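Participant: Questions regarding the structure given below will be posed in turn.
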Amino acid sequence: MSASERRILIEACPSRALARFQGKTIAESDRALLLREDGYPPRIYFPRSDVKMSLSEESEHKTHCPFKGDAAYWSFNVDGDTLENVAWGYPDPMPSVRLIAGHISFAEPIEVKQTEA
């Protein structure tokens with residue numbers, strides 16, 4: 001698939017979004033975004049202000065996506081468990097996905113789901 005064929009759609013998450021690890025809430029938001037990218041499962045992006053950033057430390061790990069830009073990563077410490085590079089965001093995303101600036105998404109083992117408000 002060429003870059004010109006790749007589609008990324010970003011919309012408001014239709015319900016409250018929740019991120020948890022072993023029963024502890026890491027993020028909860030009524031303002032999350034749902035990102036749909038061809039070839040990947042949908043991802044929920046939480047506004048940083050709705051994430052318990054006090055549990056995190058920015059990592060030195062970085063990646064580059066040709067469709068979204070340069071990603072920063074965070075590790076989270078939850079009740080003594082350090083989850084390395086489990087969250088990422090695009091501080092200065094490409095113009096076509098600028099809506100995700102200031103947002104963070106999570107990987108397993110953090111459970112991310114939509115809930116009823």
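Labeling convention for the structure tokens: chains A, B, ... as they appear, residues from 1 per chain, ligands from 1 in order of appearance.
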Give me the residues near region 91-102 of chain A as a PDB file with C-alpha atoms, in the first residue's frame, where near means some atom within 12 Å (using only C-alpha atoms) and where sequence neighbours in that chain fewer than 6 positions away do not count.
Facilitator:
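Final output, saved to around_20.pdb:
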ATOM      1  CA  ARG A   6      -3.060   4.944   3.400  1.00  0.00           C
ATOM      2  CA  ARG A   7      -6.085   6.316   5.242  1.00  0.00           C
ATOM      3  CA  ILE A   8      -6.160   7.573   8.797  1.00  0.00           C
ATOM      4  CA  LEU A   9      -9.465   8.712  10.245  1.00  0.00           C
ATOM      5  CA  ILE A  10      -9.731  10.477  13.591  1.00  0.00           C
ATOM      6  CA  GLU A  11     -13.038  11.022  15.352  1.00  0.00           C
ATOM      7  CA  ALA A  12     -14.336  11.690  18.827  1.00  0.00           C
ATOM      8  CA  ARG A  31     -12.798  13.612  25.332  1.00  0.00           C
ATOM      9  CA  ALA A  32     -10.723  10.769  23.893  1.00  0.00           C
ATOM     10  CA  LEU A  33     -10.127  10.350  20.179  1.00  0.00           C
ATOM     11  CA  LEU A  34     -10.531   7.183  18.135  1.00  0.00           C
ATOM     12  CA  LEU A  35      -7.885   6.770  15.422  1.00  0.00           C
ATOM     13  CA  ARG A  36      -8.531   4.301  12.615  1.00  0.00           C
ATOM     14  CA  GLU A  37      -5.588   3.531  10.353  1.00  0.00           C
ATOM     15  CA  ARG A  43      -6.576   3.058  18.793  1.00  0.00           C
ATOM     16  CA  ILE A  44      -7.921   5.303  21.512  1.00  0.00           C
ATOM     17  CA  TYR A  45      -5.893   8.449  22.214  1.00  0.00           C
ATOM     18  CA  PHE A  46      -6.441  10.115  25.584  1.00  0.00           C
ATOM     19  CA  PRO A  47      -5.864  13.826  26.225  1.00  0.00           C
ATOM     20  CA  ARG A  48      -2.741  14.053  28.413  1.00  0.00           C
ATOM     21  CA  SER A  49      -4.772  16.021  30.957  1.00  0.00           C
ATOM     22  CA  ASP A  50      -6.960  12.913  31.449  1.00  0.00           C
ATOM     23  CA  VAL A  51      -3.960  10.595  32.008  1.00  0.00           C
ATOM     24  CA  LYS A  62      11.501   7.218  19.981  1.00  0.00           C
ATOM     25  CA  HIS A  64       8.980   7.573  13.435  1.00  0.00           C
ATOM     26  CA  CYS A  65       5.781   6.894  11.517  1.00  0.00           C
ATOM     27  CA  PRO A  66       5.743   8.221   7.951  1.00  0.00           C
ATOM     28  CA  PHE A  67       2.029   8.995   8.334  1.00  0.00           C
ATOM     29  CA  LYS A  68       1.896  10.463  11.854  1.00  0.00           C
ATOM     30  CA  GLY A  69       5.424  11.748  12.592  1.00  0.00           C
ATOM     31  CA  ASP A  70       7.858  11.269  15.479  1.00  0.00           C
ATOM     32  CA  ALA A  71       6.505   9.441  18.531  1.00  0.00           C
ATOM     33  CA  ALA A  72       7.578   9.962  22.134  1.00  0.00           C
ATOM     34  CA  TYR A  73       7.130   7.126  24.656  1.00  0.00           C
TER      35      TYR A  73
END
Participant: Near Ile110 (chain A), within 8 Å and counting only C-alpha atoms, which residues show up once chain neighbours fewer than 4 positions away are dropped, as a PyMOL selection string?
Facilitator: chain A and resi 19-21+86+106
Participant: Measuring between only C-alpha atoms, which one of A:Asp30, A:Pro109, A:Ser15, A:Gln114 shows the shortest distance to Val78 (chain A)?
Facilitator: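 Ranked by minimum distance to Val78 (chain A), first place goes to A:Pro109.
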Participant: What's the 8 Å shell around Glu57 (chain A), counting only C-alpha atoms, without same-chain residues fewer than 4 positions away, as a PyMOL selection string?
Facilitator: chain A and resi 53+74-76
Participant: Using only C-alpha atoms, which protein or nucleic acid residues come within 9 Å of Ala107 (chain A)? Drop anything in the same chain fewer than 6 positions from it, and give the result as a CSV table (one decimal) with N, CA and C atoms, in the first residue's frame.
Facilitator:
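Final output, result-v9.csv:
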chain,number,residue,atom,x,y,z
A,85,ASN,N,7.8,1.7,28.1
A,85,ASN,CA,7.4,2.2,26.8
A,85,ASN,C,6.0,1.7,26.4
A,86,VAL,N,5.1,1.8,27.4
A,86,VAL,CA,3.7,1.3,27.2
A,86,VAL,C,2.8,2.3,26.7
A,87,ALA,N,3.2,3.6,26.6
A,87,ALA,CA,2.4,4.6,26.1
A,87,ALA,C,3.2,5.5,25.1
A,88,TRP,N,2.5,6.0,24.1
A,88,TRP,CA,3.1,6.9,23.2
A,88,TRP,C,2.2,8.0,22.7
Participant: Quick one, how far is CA of Thr115 (chain A) from CA of Arg16 (chain A)?
Facilitator: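 So the answer is 5.3 Å.
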Participant: Please return as a PyMOL selection string: the residues of chain A that backbone DSSP assigns to helix (DSSP H, G or I).
Facilitator: chain A and resi 3-5+48-50+53-55+95-100
Participant: Take the residues just selected and output them with N, CA and C atoms as a CSV table (one decimal), in the first residue's frame.
Facilitator:
chain,number,residue,atom,x,y,z
A,3,ALA,N,1.8,5.4,0.3
A,3,ALA,CA,1.4,6.4,1.2
A,3,ALA,C,0.2,7.1,0.8
A,4,SER,N,0.0,7.3,-0.5
A,4,SER,CA,-1.2,8.0,-1.0
A,4,SER,C,-2.4,7.2,-0.8
A,5,GLU,N,-2.3,5.9,-0.6
A,5,GLU,CA,-3.5,5.0,-0.4
A,5,GLU,C,-3.8,4.8,1.1
A,48,ARG,N,-3.7,14.2,27.3
A,48,ARG,CA,-2.7,14.1,28.4
A,48,ARG,C,-3.3,14.5,29.7
A,49,SER,N,-4.2,15.5,29.7
A,49,SER,CA,-4.8,16.0,31.0
A,49,SER,C,-5.7,15.0,31.6
A,50,ASP,N,-6.1,14.0,30.9
A,50,ASP,CA,-7.0,12.9,31.4
A,50,ASP,C,-6.2,11.6,31.8
A,53,MET,N,-0.4,11.2,34.6
A,53,MET,CA,1.0,11.4,34.2
A,53,MET,C,2.0,11.3,35.4
A,54,SER,N,1.4,11.5,36.6
A,54,SER,CA,2.3,11.4,37.8
A,54,SER,C,2.8,9.9,37.9
A,55,LEU,N,2.2,9.0,37.2
A,55,LEU,CA,2.7,7.6,37.3
A,55,LEU,C,3.7,7.3,36.2
A,95,PRO,N,0.6,17.3,9.8
A,95,PRO,CA,-0.7,18.1,9.7
A,95,PRO,C,-1.9,17.3,9.5
A,96,SER,N,-1.9,16.2,8.8
A,96,SER,CA,-3.1,15.4,8.5
A,96,SER,C,-3.6,14.8,9.7
A,97,VAL,N,-2.8,14.6,10.8
A,97,VAL,CA,-3.3,14.0,12.0
A,97,VAL,C,-3.1,14.9,13.2
A,98,ARG,N,-3.1,16.2,13.0
A,98,ARG,CA,-2.8,17.2,14.1
A,98,ARG,C,-3.7,17.1,15.3
A,99,LEU,N,-4.9,16.5,15.1
A,99,LEU,CA,-5.8,16.3,16.2
A,99,LEU,C,-5.3,15.5,17.4
A,100,ILE,N,-4.3,14.6,17.1
A,100,ILE,CA,-3.8,13.8,18.2
A,100,ILE,C,-2.6,14.4,19.0
Participant: Ranking A:Glu116, A:Thr63, A:Gly80, A:Tyr40 by minimum distance to Pro14 (chain A) and counting only C-alpha atoms, which one comes first?
Facilitator: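 So, comparing all the options, the nearest one is A:Glu116.
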Participant: Taking only C-alpha atoms into account, name the residue in A:Asp38, A:Glu84, A:Ala17, A:Ile104 that is nearest to Ser59 (chain A).
Facilitator: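 Ranking A:Asp38, A:Glu84, A:Ala17, A:Ile104 by distance to Ser59 (chain A), first place goes to A:Glu84.
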